[in-house]
Structures are given as structure tokens and as C-alpha cells.
Amino acid sequence: VQLQASGGGLVQAGGSLRLSCAASGINSINVMGWYRQAPGKERELVATMTRGGRAKYVDSVKGRFTVSRDNAQNTVYLQMNSLKPADTAVYYCKIEAGIFNDLYYWGKGTQVTVSS
């Protein structure tokens, strides 16, 4: 199983970025999503989406970030608008599979830096 993430970068506050993560070598992915880890902080859930399209967000990004997925392409996206310096972190994609979502895989992180 491989996860290929892309789309990170440097942006000014108020700007936008779009992350994408394509999974290969696996079918029937239940949950796809994004986590982030800022320096000195624990990794936190940002947004996830089930195969059926149900989305979940951390409160701090609601109304600014949108998660979506293409099941046919095993790809998950994260559209990030109105970015803030507090959004600066390494963003990781994660997929969950298996009957009990007990199979999970992480992608390599992609850096998002928001300047003030």
C-alpha cells in the first residue's frame, strides 16, 4: 500500500491550498482523511470522510476546510481556504480499511506553512 500526498507549500495568511493524497495497492477504503502535526504538538485529526461521504472536521477548520474524495481513484482531497498561521503544520493523509477499520496506513507528510 502506498499513499502519495502532494499540494503543500508556503502561502500567506488568507490564502488557499489544496492537498491531495492518492492511495494504491488497496481497495475498499472505508475512511480517508487528513491529520496534522505542528512543532511541539501532538498529531491531530483535521478532516476525514467515509466511503459514503460523511465528513468530520476539527472545530478549528470548520467553514474553512473542505474534505472530499474520489472513490474510483482512491484519492482524498483537502481544500484549505482562509488559511491562518495556526494552520502551519505537517499534514499527513491516512486511510482506514478492514471490517473494523483495523487496517490503517499513513502517507508521508507534506509541509504547509502560512505566513502572517
# chains A, B, ... in the order shown; residues from 1 in each chain; ligands from 1

call {"tool": "residues_around", "arguments": {"residues": "range 27-37 of chain A", "least_positions_apart": "5", "cutoff": "7 Å", "atoms": "only C-alpha atoms", "output": "PyMOL selection string"}}
result
chain A and resi 42-51+76+89-97

call {"tool": "select_by_dssp", "arguments": {"residues": "range 16-110 of chain A", "states": "strand (DSSP E or B)", "output": "PyMOL selection string"}}
result
chain A and resi 17-24+29-37+44-50+55-57+65-70+75-80+89-97+103-106+110

call {"tool": "write_last_selection", "arguments": {"atoms": "N, CA and C atoms", "output": "compact mmCIF listing (two decimals), in the first residue's frame"}}
result
# COMPACT_ATOMS: atom_id res chain seq x y z
N LEU A 17 -4.80 26.58 -0.24
CA LEU A 17 -4.01 25.47 -0.77
C LEU A 17 -4.93 24.26 -0.90
N ARG A 18 -4.57 23.36 -1.80
CA ARG A 18 -5.33 22.12 -1.95
C ARG A 18 -4.37 20.95 -1.85
N LEU A 19 -4.63 20.08 -0.90
CA LEU A 19 -3.84 18.87 -0.74
C LEU A 19 -4.56 17.70 -1.41
N SER A 20 -3.78 16.79 -1.92
CA SER A 20 -4.35 15.56 -2.47
C SER A 20 -3.51 14.37 -2.01
N CYS A 21 -4.14 13.24 -1.92
CA CYS A 21 -3.46 12.02 -1.49
C CYS A 21 -4.08 10.84 -2.23
N ALA A 22 -3.26 10.17 -3.02
CA ALA A 22 -3.72 9.04 -3.80
C ALA A 22 -3.19 7.75 -3.19
N ALA A 23 -4.09 6.80 -2.97
CA ALA A 23 -3.72 5.50 -2.41
C ALA A 23 -3.68 4.46 -3.51
N SER A 24 -2.70 3.58 -3.44
CA SER A 24 -2.59 2.50 -4.40
C SER A 24 -2.27 1.21 -3.66
N ILE A 29 -11.48 1.14 0.65
CA ILE A 29 -11.04 2.01 1.73
C ILE A 29 -12.27 2.59 2.42
N ASN A 30 -12.35 2.44 3.71
CA ASN A 30 -13.51 2.92 4.45
C ASN A 30 -13.42 4.42 4.73
N VAL A 31 -12.34 4.82 5.35
CA VAL A 31 -12.18 6.21 5.75
C VAL A 31 -10.88 6.77 5.14
N MET A 32 -10.96 7.96 4.62
CA MET A 32 -9.78 8.67 4.13
C MET A 32 -9.78 10.04 4.79
N GLY A 33 -8.60 10.50 5.13
CA GLY A 33 -8.60 11.80 5.77
C GLY A 33 -7.23 12.38 5.99
N TRP A 34 -7.25 13.49 6.71
CA TRP A 34 -6.04 14.27 6.94
C TRP A 34 -5.85 14.55 8.42
N TYR A 35 -4.60 14.47 8.84
CA TYR A 35 -4.18 14.84 10.18
C TYR A 35 -3.05 15.84 10.03
N ARG A 36 -2.73 16.53 11.09
CA ARG A 36 -1.61 17.46 11.04
C ARG A 36 -0.88 17.47 12.37
N GLN A 37 0.38 17.85 12.28
CA GLN A 37 1.21 17.94 13.47
C GLN A 37 2.07 19.18 13.39
N GLU A 44 -3.05 15.77 15.25
CA GLU A 44 -4.49 15.90 15.45
C GLU A 44 -5.23 15.64 14.16
N LEU A 45 -6.46 15.17 14.32
CA LEU A 45 -7.35 14.97 13.16
C LEU A 45 -7.73 16.34 12.62
N VAL A 46 -7.68 16.47 11.30
CA VAL A 46 -8.15 17.70 10.65
C VAL A 46 -9.51 17.45 10.02
N ALA A 47 -9.58 16.44 9.16
CA ALA A 47 -10.83 16.14 8.47
C ALA A 47 -10.77 14.73 7.93
N THR A 48 -11.89 14.04 7.99
CA THR A 48 -11.99 12.70 7.42
C THR A 48 -13.30 12.56 6.67
N MET A 49 -13.34 11.58 5.79
CA MET A 49 -14.57 11.31 5.06
C MET A 49 -14.72 9.81 4.89
N THR A 50 -15.91 9.31 5.16
CA THR A 50 -16.19 7.90 4.96
C THR A 50 -16.43 7.61 3.48
N ALA A 55 -18.54 13.44 6.39
CA ALA A 55 -17.32 14.17 6.73
C ALA A 55 -17.29 14.55 8.21
N LYS A 56 -16.09 14.65 8.72
CA LYS A 56 -15.87 15.09 10.09
C LYS A 56 -14.69 16.06 10.09
N TYR A 57 -14.83 17.13 10.89
CA TYR A 57 -13.80 18.17 10.94
C TYR A 57 -13.45 18.52 12.37
N PHE A 65 -12.08 24.65 5.71
CA PHE A 65 -11.53 23.49 5.00
C PHE A 65 -12.67 22.60 4.51
N THR A 66 -12.43 21.96 3.38
CA THR A 66 -13.40 21.01 2.84
C THR A 66 -12.66 19.74 2.40
N VAL A 67 -13.11 18.62 2.94
CA VAL A 67 -12.54 17.33 2.55
C VAL A 67 -13.45 16.70 1.51
N SER A 68 -12.85 16.04 0.55
CA SER A 68 -13.62 15.33 -0.47
C SER A 68 -12.80 14.12 -0.92
N ARG A 69 -13.45 13.21 -1.61
CA ARG A 69 -12.73 12.04 -2.07
C ARG A 69 -13.31 11.53 -3.38
N ASP A 70 -12.48 10.86 -4.11
CA ASP A 70 -12.86 10.20 -5.36
C ASP A 70 -12.65 8.72 -5.13
N THR A 75 -8.59 8.56 -4.00
CA THR A 75 -7.90 9.82 -3.73
C THR A 75 -8.75 10.68 -2.80
N VAL A 76 -8.08 11.31 -1.85
CA VAL A 76 -8.74 12.22 -0.94
C VAL A 76 -8.10 13.60 -1.10
N TYR A 77 -8.94 14.62 -0.99
CA TYR A 77 -8.50 16.00 -1.15
C TYR A 77 -8.81 16.80 0.11
N LEU A 78 -8.06 17.85 0.29
CA LEU A 78 -8.36 18.80 1.35
C LEU A 78 -8.19 20.20 0.78
N GLN A 79 -9.31 20.88 0.58
CA GLN A 79 -9.29 22.26 0.13
C GLN A 79 -9.22 23.15 1.36
N MET A 80 -8.17 23.94 1.45
CA MET A 80 -7.96 24.78 2.63
C MET A 80 -8.03 26.24 2.21
N ALA A 89 1.71 23.38 9.75
CA ALA A 89 1.96 22.04 10.28
C ALA A 89 2.39 21.14 9.14
N VAL A 90 2.81 19.95 9.52
CA VAL A 90 2.99 18.89 8.54
C VAL A 90 1.66 18.14 8.47
N TYR A 91 1.14 18.01 7.28
CA TYR A 91 -0.16 17.36 7.07
C TYR A 91 0.08 15.95 6.55
N TYR A 92 -0.63 15.00 7.17
CA TYR A 92 -0.50 13.59 6.82
C TYR A 92 -1.85 13.06 6.36
N CYS A 93 -1.86 12.27 5.30
CA CYS A 93 -3.10 11.58 4.95
C CYS A 93 -3.08 10.20 5.59
N LYS A 94 -4.27 9.72 5.86
CA LYS A 94 -4.43 8.42 6.50
C LYS A 94 -5.63 7.72 5.87
N ILE A 95 -5.51 6.43 5.67
CA ILE A 95 -6.64 5.65 5.19
C ILE A 95 -6.90 4.50 6.16
N GLU A 96 -8.16 4.12 6.26
CA GLU A 96 -8.57 3.03 7.12
C GLU A 96 -9.37 2.03 6.29
N ALA A 97 -9.09 0.76 6.51
CA ALA A 97 -9.78 -0.30 5.78
C ALA A 97 -10.02 -1.47 6.73
N LEU A 103 -7.22 -1.80 9.75
CA LEU A 103 -6.08 -1.65 8.86
C LEU A 103 -5.94 -0.18 8.55
N TYR A 104 -4.81 0.41 8.86
CA TYR A 104 -4.64 1.82 8.57
C TYR A 104 -3.23 2.08 8.08
N TYR A 105 -3.14 3.08 7.24
CA TYR A 105 -1.88 3.42 6.61
C TYR A 105 -1.73 4.93 6.58
N TRP A 106 -0.50 5.38 6.77
CA TRP A 106 -0.18 6.80 6.77
C TRP A 106 0.66 7.14 5.54
N THR A 110 3.25 16.30 4.27
CA THR A 110 3.54 17.42 3.38
C THR A 110 3.43 18.70 4.20

call {"tool": "decode", "arguments": {"residues": "chain A", "atoms": "C-alpha atoms", "output": "tab-separated table (two decimals), in the first residue's frame"}}
result
chain	number	residue	atom	x	y	z
A	1	VAL	CA	0.00	0.00	0.00
A	2	GLN	CA	1.32	3.40	-0.95
A	3	LEU	CA	-0.04	6.85	-0.26
A	4	GLN	CA	1.23	9.72	-2.34
A	5	ALA	CA	0.45	13.15	-0.97
A	6	SER	CA	1.01	16.47	-2.67
A	7	GLY	CA	-0.03	20.09	-2.58
A	8	GLY	CA	1.71	21.55	0.43
A	9	GLY	CA	3.67	24.77	0.34
A	10	LEU	CA	4.07	28.30	1.60
A	11	VAL	CA	1.14	30.69	1.49
A	12	GLN	CA	0.23	34.00	3.07
A	13	ALA	CA	-2.50	34.24	5.66
A	14	GLY	CA	-5.89	34.31	3.98
A	15	GLY	CA	-4.67	32.25	1.07
A	16	SER	CA	-5.64	28.80	-0.12
A	17	LEU	CA	-4.01	25.47	-0.77
A	18	ARG	CA	-5.33	22.12	-1.95
A	19	LEU	CA	-3.84	18.87	-0.74
A	20	SER	CA	-4.35	15.56	-2.47
A	21	CYS	CA	-3.46	12.02	-1.49
A	22	ALA	CA	-3.72	9.04	-3.80
A	23	ALA	CA	-3.72	5.50	-2.41
A	24	SER	CA	-2.59	2.50	-4.40
A	25	GLY	CA	-2.35	-1.19	-3.67
A	26	ILE	CA	-5.57	-1.35	-1.73
A	27	ASN	CA	-9.31	-1.46	-2.40
A	28	SER	CA	-12.42	-0.85	-0.31
A	29	ILE	CA	-11.04	2.01	1.73
A	30	ASN	CA	-13.51	2.92	4.45
A	31	VAL	CA	-12.18	6.21	5.75
A	32	MET	CA	-9.78	8.67	4.13
A	33	GLY	CA	-8.60	11.80	5.77
A	34	TRP	CA	-6.04	14.27	6.94
A	35	TYR	CA	-4.18	14.84	10.18
A	36	ARG	CA	-1.61	17.46	11.04
A	37	GLN	CA	1.21	17.94	13.47
A	38	ALA	CA	2.63	21.30	14.40
A	39	PRO	CA	6.04	21.64	16.07
A	40	GLY	CA	5.86	20.64	19.71
A	41	LYS	CA	2.26	19.46	19.43
A	42	GLU	CA	0.55	16.13	19.08
A	43	ARG	CA	-0.83	14.96	15.77
A	44	GLU	CA	-4.49	15.90	15.45
A	45	LEU	CA	-7.35	14.97	13.16
A	46	VAL	CA	-8.15	17.70	10.65
A	47	ALA	CA	-10.83	16.14	8.47
A	48	THR	CA	-11.99	12.70	7.42
A	49	MET	CA	-14.57	11.31	5.06
A	50	THR	CA	-16.19	7.90	4.96
A	51	ARG	CA	-16.71	5.97	1.77
A	52	GLY	CA	-20.32	7.05	1.87
A	53	GLY	CA	-19.41	10.72	2.04
A	54	ARG	CA	-19.85	11.54	5.70
A	55	ALA	CA	-17.32	14.17	6.73
A	56	LYS	CA	-15.87	15.09	10.09
A	57	TYR	CA	-13.80	18.17	10.94
A	58	VAL	CA	-11.87	19.52	13.86
A	59	ASP	CA	-13.65	22.63	15.12
A	60	SER	CA	-10.79	24.96	14.24
A	61	VAL	CA	-11.14	24.34	10.48
A	62	LYS	CA	-14.91	24.17	10.12
A	63	GLY	CA	-16.12	26.59	7.49
A	64	ARG	CA	-12.63	26.98	6.03
A	65	PHE	CA	-11.53	23.49	5.00
A	66	THR	CA	-13.40	21.01	2.84
A	67	VAL	CA	-12.54	17.33	2.55
A	68	SER	CA	-13.62	15.33	-0.47
A	69	ARG	CA	-12.73	12.04	-2.07
A	70	ASP	CA	-12.86	10.20	-5.36
A	71	ASN	CA	-13.59	6.58	-4.57
A	72	ALA	CA	-12.84	5.42	-8.10
A	73	GLN	CA	-9.38	6.97	-7.90
A	74	ASN	CA	-8.79	6.19	-4.20
A	75	THR	CA	-7.90	9.82	-3.73
A	76	VAL	CA	-8.74	12.22	-0.94
A	77	TYR	CA	-8.50	16.00	-1.15
A	78	LEU	CA	-8.36	18.80	1.35
A	79	GLN	CA	-9.29	22.26	0.13
A	80	MET	CA	-7.96	24.78	2.63
A	81	ASN	CA	-9.23	28.35	2.42
A	82	SER	CA	-8.73	31.38	4.65
A	83	LEU	CA	-5.53	29.86	5.97
A	84	LYS	CA	-4.13	31.10	9.23
A	85	PRO	CA	-0.61	30.91	10.70
A	86	ALA	CA	-2.06	28.48	13.26
A	87	ASP	CA	-2.66	26.06	10.37
A	88	THR	CA	1.08	25.71	9.85
A	89	ALA	CA	1.96	22.04	10.28
A	90	VAL	CA	2.99	18.89	8.54
A	91	TYR	CA	-0.16	17.36	7.07
A	92	TYR	CA	-0.50	13.59	6.82
A	93	CYS	CA	-3.10	11.58	4.95
A	94	LYS	CA	-4.43	8.42	6.50
A	95	ILE	CA	-6.64	5.65	5.19
A	96	GLU	CA	-8.57	3.03	7.12
A	97	ALA	CA	-9.78	-0.30	5.78
A	98	GLY	CA	-10.94	-3.65	7.02
A	99	ILE	CA	-14.18	-4.74	8.65
A	100	PHE	CA	-13.37	-2.91	11.88
A	101	ASN	CA	-11.20	-0.20	10.31
A	102	ASP	CA	-8.30	-2.03	11.89
A	103	LEU	CA	-6.08	-1.65	8.86
A	104	TYR	CA	-4.64	1.82	8.57
A	105	TYR	CA	-1.88	3.42	6.61
A	106	TRP	CA	-0.18	6.80	6.77
A	107	GLY	CA	1.26	8.82	3.98
A	108	LYS	CA	4.43	10.82	4.23
A	109	GLY	CA	3.72	14.30	5.46
A	110	THR	CA	3.54	17.42	3.38
A	111	GLN	CA	4.51	20.75	4.89
A	112	VAL	CA	2.01	23.60	4.96
A	113	THR	CA	3.38	26.94	6.09
A	114	VAL	CA	1.17	30.00	6.47
A	115	SER	CA	2.96	33.30	6.90
A	116	SER	CA	1.40	36.27	8.68
